[in-house]
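This report concerns only the one structure given below.
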Amino acid sequence: MQYKDQIVKIAVQVWTIVLLIIPTAYGQEMTGEEIIKKVNEIFNPASSYGRSKMTIVTTSGQKRTFEFESWSKDGGEKNLVRYHKPGRVKDQATLMLNHADDIWMFFPRTQRVRKLATHAKKQKMQGSDFSYEDMGSGDTFITDFTPVRLGDEKMNEKICYKLEMVRKEDSDLSYSRMIMWIIKENFVPVVIDYYDEKDPVRHIKRLVQSNIRLIGSIPTAMRSVMYNRGDNSQTELELLEIKYDLPLSDAMFTERSLKK
Amino acid sequence: MRDRLLRKLADLHVTHPWKMLTAVLILTLIMGNLSSRIEVTMRTSDLLPEKNSKVVEFNRIVDEFATATNLTVVVQGDEERIKEFADELEPLILALYDSSMNESNNEKIAKLEERLEEIRLSGRDGSVIPEIKSEINSLQSRINKRLFQRVDYKAETEFLKNHMLMLIDENDLKNTKDIFMNPNLSELLTNLNNSMEKEYVGQEESISTREKEDGAFSFLDGIQHLIITLQRAVKDKNTTDNEIYKTADKLLFGEPYMLSYDRQALVMIAIPNFTIMDRDLLGIAAVSVQDLIDKQIREYPDIKAGISGAIAREYDEEVYGREAIGSSTLFAMIAILLLLMVSFRMWVSPIFALLTLAVGIVWALGASWIAVGKLNMVTSMMSVIILGLGIDFAVHLISSFTERRAAGESIASAMRNTYLKSGKGIITGSATTACAFLTLMISEARGMRELGIVVGIGLISILAATMFFLPTMLVFRERFVDRRREKKADKSSNAQKDISFKFLGNFGELLSKRYLFTIFASIAVSSILVMSALKIKYDHNFMNLEPEGLTSVALMDTVLNKFDLNIEYGLILADNIEESRDFSEKCRELSSVARTDDISIYLPSKDEQNRRIPHIREVIYNMKNSSIRQKIRSSEIEIIKSEIDRLEMNIMEMQDMAYIGGQDKVDKKCMEIVGDPDDPKSANIIRDLREIFNSNTTSIQDGLTGFQKTFGPYYKSAVLKMGTTNPITLQELPLTILDRYGNRTRDRFMITVYPQGNLWEHKELLDRFVDDMEYITEKATGSPSLMTALMRIFARDGRNAIMLTLVIVFLLLWLDFRNPGYALMAMVPLACGVFWMMGAMQLLGMKLNMMSMMGLPLIIGIGIDDGVHVMHRWLSEGNGKIRIVFSSTGKAIFLTSLTTMFAFGSLGFSIFRGWASFGISLAIGVAACFLTSVLILPGILGLIERMKRQVSKEKLKSNNEEL
């Protein structure tokens with residue numbers, strides 16, 4: 001039985017690699033839609049568990065580093081974040097459902113769970129330069145943007161597809177457009193430039209991903225830095241550990257489970 | 001022609017020294033009078049082109065808004081004491097007036113009135129009468145002129161008390177209106193908790209921007225005050241009515257005083273009755289307020305207070321600027337005098353040289369007044385610059401004259417030969433340097449252009465003093481010496497010893513003989529220094545150019561740290577209220593903006609006001625129908641206890657959200673109320689209150705009843721008063737608000753835009769803020785925009801000036817040497833010197849800044865001299881005389897470099913860090929050019945001599961062969 005499982009696992013991995021390699025080989029023929037579909041798959045694995053470190057800059061200019069665990073399910077539709085360090089925030093947790101349309105927070109000091117207002121989605125996530133929207137984007141790359149291929153370019157030493165993502169008219173997302181540099185080899189966006197909601201010329205943020213490792217079959221950027229051009233701040237997010245395709249129960253992603 | 005003129009001038013000095021001296025004295029008196037009129041300004045905008053749109057807009061704001069200029073009093077100490085101090089100081093500041101001009105103005109008024117009377121009596125044309133009357137009125141307004149129109153240090157409480165609810169944003173009003181619906185304590189606490197859960201705990205973004213964070217801070221401050229007053233009410237039962245009223249006011253309107261976040265500092269902003277253009281009043285106002293503070297502080301020994309703001313800074317910088325330049329000039333003069341005494345081994349001639357310089361500087365200042373009218377932040381250094389450069393002319397003239405006298409020539413002959421042999425060189429040298437400076441006239445930036453004009457004119461003035469004044473003194477001295485000798489019948493020779501620097505000659509000869517080694521070593525050292533120069537960083541922090549140790553500047557940091565208030569902000573002038581509101585809203589949406597301050601805070605749009613009215617009506621309805629209970633029942637105490645517990649939990653959650661969100665001010669404020677989660681022993685005032693509640697119920701009931709009896713009616717009437725639903729109009733706004741945001745004619749409104757973070761420390765942030773402001777409107781101005789424009793213009797002008805200076809210097813040298821190759825050779829030490837200078841600066845840990853960048857085109861004009869002198873001497877001495885060239889000319893350039901370095905180096909002691917870095921970098925540049933002249937040139941000259949020898953050998957050989 002174990003032997004059979006092993007074979008199935010290997011077969012799945014081989015196929016995944018083949019599926020990744022084939023489009024790379026014929027990359028120049030790929031359309032913007034096909035590329036962004038691949039990116040979306042990497043961004044939204046079926047389920048995942050990660051241990052991360054995030055460094056923010058406080059309003060008085062000091063750096064503050066948090067360590068937390070996170071779980072996600074259903075292609076990022078459900079997300080749970082539980083803080084561990086520093087001691088002051090130990091066990092504080094955030095639950096995001098429906099691609100961050102619904103957000104709950106658990107405060108261990110008072111043992112209470114609070115639901116945050118829905119419009120928090122576009123706001124900065126907990127002092128970082130990432131917004132809830134950036135973190136739990138779901139299929140928005142596909143549903144809310146029209147990709148346009150701008151030719152290939154070298155970015156951060158990698159040969160990349162360059163895509164312009166133009167927001168669709170009916171979308172209410174925070175960015176009017178994005179420019180992505182996607183590594184041809186593995187479909188990881190090495191840089192994403194975000195443009196103002198109202199003015200498509202104003203560049204407001206840049207995400208730089210690096211230290212890409214193959215975790216299982218999924219190429220994963222272990223380090224992400226979001227640069228905010230507005231207030232010159234930046235947030236570093238480092239993945240200390242990451243696992244994909246874990247069997248996570250729905251019960252994990254409930255208000256009740258937040259308190260555990 | 002030139003020779004004839006020079007000969008004539010030399011003869012005049014010998015034949016009519018007294019006439020020459022008298023002419024010089026008369027000219028000095030006239031120029032001295034003109035120079036006394038020169039003004040000094042340290043404003044950044046005075047460095048920019050007059051027609052630059054940012055400058056035009058900035059000057060418009062300064063002209064139309066007295067609020068754009070202010071004097072800030074920063075008071076530090078215990079909260080209650082600083083408030084008392086401010087309350088006492090305010091009326092004293094308002095009572096200040098200027099009487100310094102009374103006497104002269106009264107005289108002028110009397111004369112004008114006499115003239116009026118004359119016109120009336122004579123029945124002449126009366127068309128000038130209105131003009132005279134208006135002049136009289138203007139003069140009368142200056143008699144006992146009140147210096148300040150108001151002092152802002154408290155919120156507009158009276159206005160807020162009537163319109164507070166109308167000024168709250170609709171969303172916030174929706175979430176917080178419960179607080180205003182019932183004045184009974186238990187309901188108030190319940191409503192506070194409800195509002196808090198809706199507004200803060202339920203919305204992470206409620207504290208996510210600077211303005212919102214400040215709102216949350218103020219809300220928590222009101223709660224903190226309520227808890228403390230409740231503690232006192234139930235424990236000591238000695239709370240006064242006034243204290244309870246204050247608690248209600250803090251909950252409703254926030255802190256009225258302009259206090260820092262830690263409540264240990266307070267700012268008072270005194271708005272003058274004059275603009276920054278009234279230079280004489282700046283000083284009077286600054287000194288008068290400082291005097292008031294000094295007197296009052298005797299009664300408040302526990303308080304620290306000082307003045308800052310535009311008025312104090314302008315005044316301090318002007319006064320200390322003059323002092324700094326004075327002391328730098330004095331230091332440079334003494335150092336140069338000592339150096340010349342040691343090197344010439346006599347004391348009279350160096351004193352003559354300095355006297356010449358002093359006269360030349362007076363002429364230069366007078367001429368500068370004619371040319372530019374006032375000195376700015378850059379041109380105020382001119383006396384030190386021309387001192388360092390101008391001394392060289394006197395040194396050359398004295399050397400030549402004394403050498404000739406020592407050789408036994410008569411006074412007349414020595415003077416004539418000095419003029420003919422050295423005069424030409426001095427004139428050519430000074431023309432090259434003056435031209436280099438005058439090329440800066442092409443600059444668009446006023447700062448750089450005026451520096452070129454002022455120093456160019458200055459050098460010509462020094463040259464004139466050297467040619468017209470110094471020789472006269474030398475003639476007097478020589479006649480005196482001759483007479484004394486005759487009396488003593490001293491026939492001994494006055495021949496001087498050889499005081500040339502032989503070591504420089506020997507070293508130069510050694511380097512020229514080993515020219516290959518010298519050239520390769522020069523290339524190696526230059527390469528290292530070029531690499532180092534390429535690594536030099538640019539310091540964009542304009543604050544690093546500000547004076548060090550000035551109270552007014554140091555207090556700016558206090559304001560920045562304690563109030564988190566950036567005093568370098570953007571300004572926009574809107575043409576109407578709608579535009580002001582629109583700009584302000586757009587600015588607030590930018591992440592580079594922390595907050596804005598404009599009239600829309602007190603005058604929301606009609607639509608906004610209309611949307612708020614239903615909520616206000618709901619508040620008023622509920623408040624009117626609420627009856628204040630005269631006694632707190634025991635059952636109510638349980639509700640109060642549970643609400644206090646709930647309040648503690650809400651604040652703890654708000655604290656946790658603030659900690660994760662990095663909102664330090666809210667986190668710290670929560671800490672003051674519910675303690676530090678990392679320190680279990682820290683005070684938790686809510687828990688303390690709960691403990692008091694657990695001790696004695698009857699006593700608590702009495703205490704709370706007493707509190708409610710006073711608090712309830714006051715709170716109810718305050719809410720009813722502030723719940724006016726009549727729309728606020730411009731006419732209704734109090735004068736203090738109108739004056740703050742509107743111009744005199746109320747047709748233009750000023751918006752102040754505060755940036756997010758310290759702009760000077762982060763160039764990217766500065767650029768972003770300026771671009772964002774520009775994106776909102778092209779009318780945006782203020783220090784960040786001005787500084788950015790200045791940096792861009794200076795960089796462009798500097799580059800152009802460097803190119804033009806190089807071309808002019810090359811052309812002049814070509815003309816002088818009549819050989820482009822020699823001209824290029826003379827420029828080698830300069831080219832290397834500039835890189836050596838920047839490389840050395842980098843190795844010394846220095847950075848380039850706006851001021852040192854301005855030194856780069858100057859060093860071209862200054863540094864070229866050394867190479868030119870060496871080349872001239874080498875050409876005149878001929879092959880094989882390198883030892884003589886460097887022992888004699890080497891000494892001269894060593895001395896002139898040292899004098900220039902002393903002059904520039906003296907600026908290094910200036911408290912004005914911008915000047916200090918300018919002086920030090922130029923001193924390094926002069927040293928670098930001297931070193932490259934005596935280290936690199938010998939190698940090149942050695943190589944050329946060898947090549948010449950080889951060519952002549954080959955010629956000889958070929959001649960021999962031909963023969």
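Within each chain, counting starts at residue 1; across the structure tokens, chains are named A, B, ... in the order shown, with ligands numbered 1 upward in that order.
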Exercise. What's the 10 Å shell around A:Met252, counting only C-alpha atoms, without same-chain residues fewer than 4 positions away, as a list in words?
Worked result: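 Here the qualifying residues turn out to be Trp71, Ser72, Lys73, Lys78, Asn79, Leu80, Leu95, Leu248, Arg256, Ser257, Leu258 and Lys260 of chain A.
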For this session: Please determine the contact residues of chain A with respect to chain B at a cut-off of 6 Å, counting only C-alpha atoms, and supply them as a list in words.
Result: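 Applying the cut-off to the listed atoms yields Thr58, Thr59, Thr110, Leu116, Ala117, Gln126, Gly127, Gly230, Asp231 and Asn232 of chain A.
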For this session: Identify all residues of stretch 570-726 of chain B in strand (DSSP E) (DSSP on the backbone) and supply them as a list in words.
Result: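 Filtering stretch 570-726 of chain B down to strand (DSSP E) leaves Gly570, Leu571, Ile572, Leu573, Ala574, Val593, Ala594, Arg595, Thr596 and Asp597 of chain B.
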Restricted to C-alpha atoms, what would the selected residues look like written as a compact mmCIF listing (two decimals), in the first residue's frame?
```txt
# COMPACT_ATOMS: atom_id res chain seq x y z
CA GLY B 570 3.74 72.02 2.27
CA LEU B 571 1.54 75.04 1.60
CA ILE B 572 -1.22 75.51 -0.94
CA LEU B 573 -3.07 78.72 -1.63
CA ALA B 574 -6.66 78.01 -2.69
CA VAL B 593 0.66 63.06 3.90
CA ALA B 594 0.17 62.78 7.65
CA ARG B 595 -2.54 65.41 7.98
CA THR B 596 -3.78 68.69 6.62
CA ASP B 597 -4.91 71.87 8.28
```
Exercise. Do you know which residues are at most 10 Å from B:Leu220 counting only C-alpha atoms, after dropping those on the same chain fewer than 2 positions away, and could you put them as a VMD selection string?
Worked result: chain B and resid 196 214 to 218 222 to 226 250 to 251 254 651 666 669 to 670 672 to 673
Can you tell me, as a short mmCIF file (atom, residue, chain, number, x, y, z; two decimals) with all heavy atoms, in the first residue's frame, what residues are no more than 10 Å from B:Glu548 when counting only C-alpha atoms, ignoring any on the same chain fewer than 6 positions away?
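The resulting file, part01.cif, is shown below:
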```
data_model
loop_
_atom_site.label_atom_id
_atom_site.label_comp_id
_atom_site.auth_asym_id
_atom_site.auth_seq_id
_atom_site.Cartn_x
_atom_site.Cartn_y
_atom_site.Cartn_z
N ALA B 554 17.30 73.95 18.01
CA ALA B 554 17.17 72.78 18.88
C ALA B 554 15.70 72.56 19.25
O ALA B 554 15.24 71.42 19.33
CB ALA B 554 18.01 72.96 20.13
N SER B 910 32.36 77.53 12.10
CA SER B 910 31.06 78.19 12.13
C SER B 910 29.99 77.26 12.69
O SER B 910 30.00 76.06 12.44
CB SER B 910 30.68 78.60 10.70
OG SER B 910 29.36 79.04 10.67
N ILE B 911 29.05 77.87 13.45
CA ILE B 911 27.93 77.05 13.95
C ILE B 911 26.98 76.71 12.80
O ILE B 911 26.19 75.81 12.89
CB ILE B 911 27.15 77.73 15.09
CG1 ILE B 911 26.66 79.12 14.66
CG2 ILE B 911 27.96 77.79 16.34
CD1 ILE B 911 25.60 79.68 15.59
N PHE B 912 27.11 77.44 11.69
CA PHE B 912 26.29 77.14 10.51
C PHE B 912 26.95 75.97 9.79
O PHE B 912 27.98 76.11 9.14
CB PHE B 912 26.22 78.36 9.58
CG PHE B 912 25.27 79.39 10.07
CD1 PHE B 912 25.65 80.28 11.06
CD2 PHE B 912 23.98 79.46 9.57
CE1 PHE B 912 24.77 81.23 11.55
CE2 PHE B 912 23.09 80.41 10.05
CZ PHE B 912 23.48 81.29 11.04
N ARG B 913 26.35 74.80 9.96
CA ARG B 913 27.01 73.60 9.47
C ARG B 913 27.15 73.61 7.94
O ARG B 913 28.05 72.99 7.40
CB ARG B 913 26.26 72.36 9.95
CG ARG B 913 26.55 72.10 11.42
CD ARG B 913 25.79 70.92 11.93
NE ARG B 913 24.37 71.25 12.09
CZ ARG B 913 23.45 70.36 12.42
NH1 ARG B 913 23.80 69.11 12.60
NH2 ARG B 913 22.19 70.72 12.58
#
```
Exercise. Near A:Leu239, within 10 Å and counting only C-alpha atoms, which residues show up once chain neighbours fewer than 3 positions away are dropped, as number ranges by chain?
Worked result: A: 50-54, 67-69, 211, 220-224, 236, 242
Selected residues, all heavy atoms, written as a tab-separated table (two decimals), in the first residue's frame, please.
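Generated output (part.tsv):
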```
chain	number	residue	atom	x	y	z
A	50	GLY	N	2.07	27.66	7.01
A	50	GLY	CA	3.35	28.35	6.98
A	50	GLY	C	3.70	28.96	8.33
A	50	GLY	O	2.83	29.24	9.15
A	51	ARG	N	5.01	29.10	8.52
A	51	ARG	CA	5.50	29.82	9.70
A	51	ARG	C	6.29	30.99	9.15
A	51	ARG	O	7.19	30.78	8.31
A	51	ARG	CB	6.39	28.90	10.53
A	51	ARG	CG	6.42	29.23	12.03
A	51	ARG	CD	6.87	28.01	12.82
A	51	ARG	NE	8.11	27.44	12.30
A	51	ARG	CZ	9.32	27.95	12.50
A	51	ARG	NH1	9.48	29.04	13.23
A	51	ARG	NH2	10.39	27.37	11.99
A	52	SER	N	5.94	32.20	9.58
A	52	SER	CA	6.55	33.37	8.94
A	52	SER	C	7.05	34.39	9.96
A	52	SER	O	6.66	34.36	11.14
A	52	SER	CB	5.53	34.09	8.05
A	52	SER	OG	4.86	33.19	7.25
A	53	LYS	N	7.86	35.28	9.44
A	53	LYS	CA	8.38	36.38	10.24
A	53	LYS	C	8.08	37.66	9.47
A	53	LYS	O	8.41	37.74	8.28
A	53	LYS	CB	9.89	36.20	10.40
A	53	LYS	CG	10.47	36.90	11.59
A	53	LYS	CD	11.79	36.29	11.98
A	53	LYS	CE	12.92	36.94	11.18
A	53	LYS	NZ	14.23	36.54	11.65
A	54	MET	N	7.45	38.62	10.13
A	54	MET	CA	7.14	39.87	9.43
A	54	MET	C	7.68	41.06	10.21
A	54	MET	O	7.49	41.13	11.43
A	54	MET	CB	5.62	40.02	9.27
A	54	MET	CG	5.22	41.24	8.48
A	54	MET	SD	3.52	41.17	7.90
A	54	MET	CE	2.64	41.66	9.35
A	67	GLU	N	6.31	36.96	14.71
A	67	GLU	CA	6.38	35.61	14.14
A	67	GLU	C	5.00	35.01	14.26
A	67	GLU	O	4.34	35.15	15.31
A	67	GLU	CB	7.39	34.77	14.91
A	67	GLU	CG	8.75	34.75	14.23
A	67	GLU	CD	9.72	33.78	14.85
A	67	GLU	OE1	9.35	32.61	15.09
A	67	GLU	OE2	10.83	34.24	15.11
A	68	PHE	N	4.55	34.38	13.20
A	68	PHE	CA	3.20	33.81	13.25
A	68	PHE	C	3.10	32.56	12.39
A	68	PHE	O	3.94	32.30	11.52
A	68	PHE	CB	2.16	34.84	12.81
A	68	PHE	CG	2.40	35.43	11.46
A	68	PHE	CD1	1.97	34.78	10.31
A	68	PHE	CD2	3.06	36.66	11.33
A	68	PHE	CE1	2.19	35.34	9.06
A	68	PHE	CE2	3.28	37.21	10.08
A	68	PHE	CZ	2.84	36.54	8.94
A	69	GLU	N	2.06	31.78	12.71
A	69	GLU	CA	1.76	30.63	11.87
A	69	GLU	C	0.53	30.98	11.06
A	69	GLU	O	-0.32	31.75	11.53
A	69	GLU	CB	1.42	29.42	12.75
A	69	GLU	CG	2.62	28.77	13.40
A	69	GLU	CD	2.19	27.59	14.26
A	69	GLU	OE1	1.54	27.83	15.30
A	69	GLU	OE2	2.49	26.45	13.91
A	211	ASN	N	14.51	34.45	-3.06
A	211	ASN	CA	14.82	33.17	-2.41
A	211	ASN	C	13.74	32.13	-2.76
A	211	ASN	O	13.03	31.63	-1.88
A	211	ASN	CB	14.92	33.39	-0.89
A	211	ASN	CG	15.50	32.19	-0.18
A	211	ASN	OD1	16.03	31.28	-0.83
A	211	ASN	ND2	15.39	32.16	1.14
A	220	THR	N	8.17	28.49	-4.47
A	220	THR	CA	7.68	29.42	-3.44
A	220	THR	C	8.73	30.48	-3.12
A	220	THR	O	9.90	30.14	-2.91
A	220	THR	CB	7.37	28.63	-2.15
A	220	THR	OG1	6.50	27.56	-2.48
A	220	THR	CG2	6.72	29.52	-1.09
A	221	ALA	N	8.31	31.74	-3.10
A	221	ALA	CA	9.24	32.82	-2.72
A	221	ALA	C	9.30	32.84	-1.19
A	221	ALA	O	8.29	33.07	-0.54
A	221	ALA	CB	8.73	34.15	-3.24
A	222	MET	N	10.46	32.57	-0.66
A	222	MET	CA	10.58	32.50	0.80
A	222	MET	C	10.72	33.89	1.41
A	222	MET	O	10.63	34.04	2.62
A	222	MET	CB	11.80	31.64	1.20
A	222	MET	CG	11.76	30.23	0.65
A	222	MET	SD	10.30	29.31	1.22
A	222	MET	CE	10.77	28.84	2.88
A	223	ARG	N	11.01	34.88	0.57
A	223	ARG	CA	11.14	36.25	1.10
A	223	ARG	C	10.36	37.21	0.20
A	223	ARG	O	10.54	37.19	-1.02
A	223	ARG	CB	12.62	36.64	1.14
A	223	ARG	CG	12.87	37.93	1.86
A	223	ARG	CD	14.36	38.12	2.13
A	223	ARG	NE	14.57	39.37	2.86
A	223	ARG	CZ	14.77	40.54	2.29
A	223	ARG	NH1	14.81	40.62	0.97
A	223	ARG	NH2	14.94	41.62	3.02
A	224	SER	N	9.54	38.01	0.83
A	224	SER	CA	8.78	39.02	0.08
A	224	SER	C	8.94	40.36	0.79
A	224	SER	O	8.84	40.42	2.02
A	224	SER	CB	7.29	38.69	0.06
A	224	SER	OG	7.10	37.40	-0.44
A	236	GLU	N	8.85	43.47	5.48
A	236	GLU	CA	9.51	42.24	5.04
A	236	GLU	C	8.74	41.04	5.56
A	236	GLU	O	8.40	41.00	6.74
A	236	GLU	CB	10.93	42.18	5.60
A	236	GLU	CG	11.87	43.16	4.96
A	236	GLU	CD	13.25	43.12	5.61
A	236	GLU	OE1	13.68	42.00	6.00
A	236	GLU	OE2	13.84	44.19	5.73
A	242	ILE	N	7.15	26.18	5.16
A	242	ILE	CA	5.91	26.17	4.36
A	242	ILE	C	5.60	24.74	3.91
A	242	ILE	O	6.51	23.99	3.57
A	242	ILE	CB	6.00	27.16	3.16
A	242	ILE	CG1	4.72	27.19	2.33
A	242	ILE	CG2	7.19	26.86	2.27
A	242	ILE	CD1	3.68	28.10	2.86
```
Problem set entry | Secondary structure check, helix (DSSP H, G or I) residues of stretch 23-249 of chain A, as a ChimeraX atom specification | /A:23-25,27-29,32-43,87-89,118-122,132-135,140-143
Exercise. Quick one: residues within 10 Å of stretch 132-140 of chain B, only C-alpha atoms counted, chain neighbours fewer than 6 positions away excluded, as a list of chain:residue names?
Worked result: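 Once the adjacent positions are removed, what remains is B:Met101, B:Asn102, B:Ser104, B:Asn105, B:Asn106, B:Lys108, B:Ile109, B:Ala110, B:Lys111, B:Leu112, B:Glu113, B:Arg115, B:Leu116.
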Output file for the selection above: N, CA, C and O atoms, as a JSON list (two decimals), in the first residue's frame:
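The file below, out-v4.json, is the result:
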```json
[["chain", "number", "residue", "atom", "x", "y", "z"],
["B", 101, "MET", "N", 10.62, 103.26, 16.68],
["B", 101, "MET", "CA", 10.58, 104.19, 15.55],
["B", 101, "MET", "C", 9.71, 105.43, 15.87],
["B", 101, "MET", "O", 9.49, 106.26, 14.99],
["B", 102, "ASN", "N", 9.20, 105.48, 17.11],
["B", 102, "ASN", "CA", 8.25, 106.56, 17.44],
["B", 102, "ASN", "C", 8.82, 107.95, 17.15],
["B", 102, "ASN", "O", 8.16, 108.78, 16.52],
["B", 104, "SER", "N", 11.43, 109.08, 15.34],
["B", 104, "SER", "CA", 11.67, 109.47, 13.94],
["B", 104, "SER", "C", 10.36, 109.56, 13.17],
["B", 104, "SER", "O", 10.18, 110.45, 12.33],
["B", 105, "ASN", "N", 9.41, 108.66, 13.49],
["B", 105, "ASN", "CA", 8.12, 108.71, 12.79],
["B", 105, "ASN", "C", 7.35, 109.98, 13.15],
["B", 105, "ASN", "O", 6.72, 110.59, 12.28],
["B", 106, "ASN", "N", 7.42, 110.37, 14.44],
["B", 106, "ASN", "CA", 6.72, 111.60, 14.86],
["B", 106, "ASN", "C", 7.31, 112.81, 14.13],
["B", 106, "ASN", "O", 6.57, 113.70, 13.69],
["B", 108, "LYS", "N", 8.78, 112.77, 11.21],
["B", 108, "LYS", "CA", 8.35, 112.71, 9.81],
["B", 108, "LYS", "C", 6.90, 113.16, 9.68],
["B", 108, "LYS", "O", 6.55, 113.90, 8.75],
["B", 109, "ILE", "N", 6.07, 112.74, 10.65],
["B", 109, "ILE", "CA", 4.65, 113.12, 10.60],
["B", 109, "ILE", "C", 4.52, 114.65, 10.72],
["B", 109, "ILE", "O", 3.77, 115.29, 9.97],
["B", 110, "ALA", "N", 5.31, 115.21, 11.65],
["B", 110, "ALA", "CA", 5.25, 116.67, 11.85],
["B", 110, "ALA", "C", 5.62, 117.40, 10.56],
["B", 110, "ALA", "O", 4.96, 118.36, 10.15],
["B", 111, "LYS", "N", 6.69, 116.91, 9.90],
["B", 111, "LYS", "CA", 7.12, 117.54, 8.65],
["B", 111, "LYS", "C", 6.05, 117.44, 7.58],
["B", 111, "LYS", "O", 5.77, 118.39, 6.85],
["B", 112, "LEU", "N", 5.46, 116.26, 7.49],
["B", 112, "LEU", "CA", 4.41, 116.05, 6.48],
["B", 112, "LEU", "C", 3.20, 116.94, 6.76],
["B", 112, "LEU", "O", 2.59, 117.48, 5.84],
["B", 113, "GLU", "N", 2.88, 117.09, 8.05],
["B", 113, "GLU", "CA", 1.74, 117.94, 8.40],
["B", 113, "GLU", "C", 2.03, 119.40, 8.06],
["B", 113, "GLU", "O", 1.16, 120.13, 7.58],
["B", 115, "ARG", "N", 3.93, 120.34, 5.69],
["B", 115, "ARG", "CA", 3.82, 120.44, 4.24],
["B", 115, "ARG", "C", 2.37, 120.54, 3.79],
["B", 115, "ARG", "O", 2.02, 121.34, 2.92],
["B", 116, "LEU", "N", 1.54, 119.76, 4.46],
["B", 116, "LEU", "CA", 0.10, 119.80, 4.15],
["B", 116, "LEU", "C", -0.45, 121.21, 4.37],
["B", 116, "LEU", "O", -1.19, 121.75, 3.56]]
```
Problem set entry | Of the listed residues B:Ala248, B:Leu550, B:Ile860, B:Ala718, that which approaches B:Leu165 most closely, counting only C-alpha atoms |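 Closest residue, counting only C-alpha atoms: B:Ala718.
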Exercise. Taking into account only C-alpha atoms, which residue in the set A:Val57, A:Ala100, A:Leu150, A:Ala251 is nearest to A:Ile179?
Worked result: A:Leu150
For this session: For A:Gln92, work out the shell of residues within 9 Å, counting only C-alpha atoms and skipping chain neighbours fewer than 5 positions away, then give it as an MDAnalysis selection string.
Result: (chainID A and resid 81:84 105:109 258:259) or (chainID B and resid 656)
Problem set entry | Å distance separating atom CA of B:Met20 from atom CA of B:Leu330, one decimal place | 27.3 Å
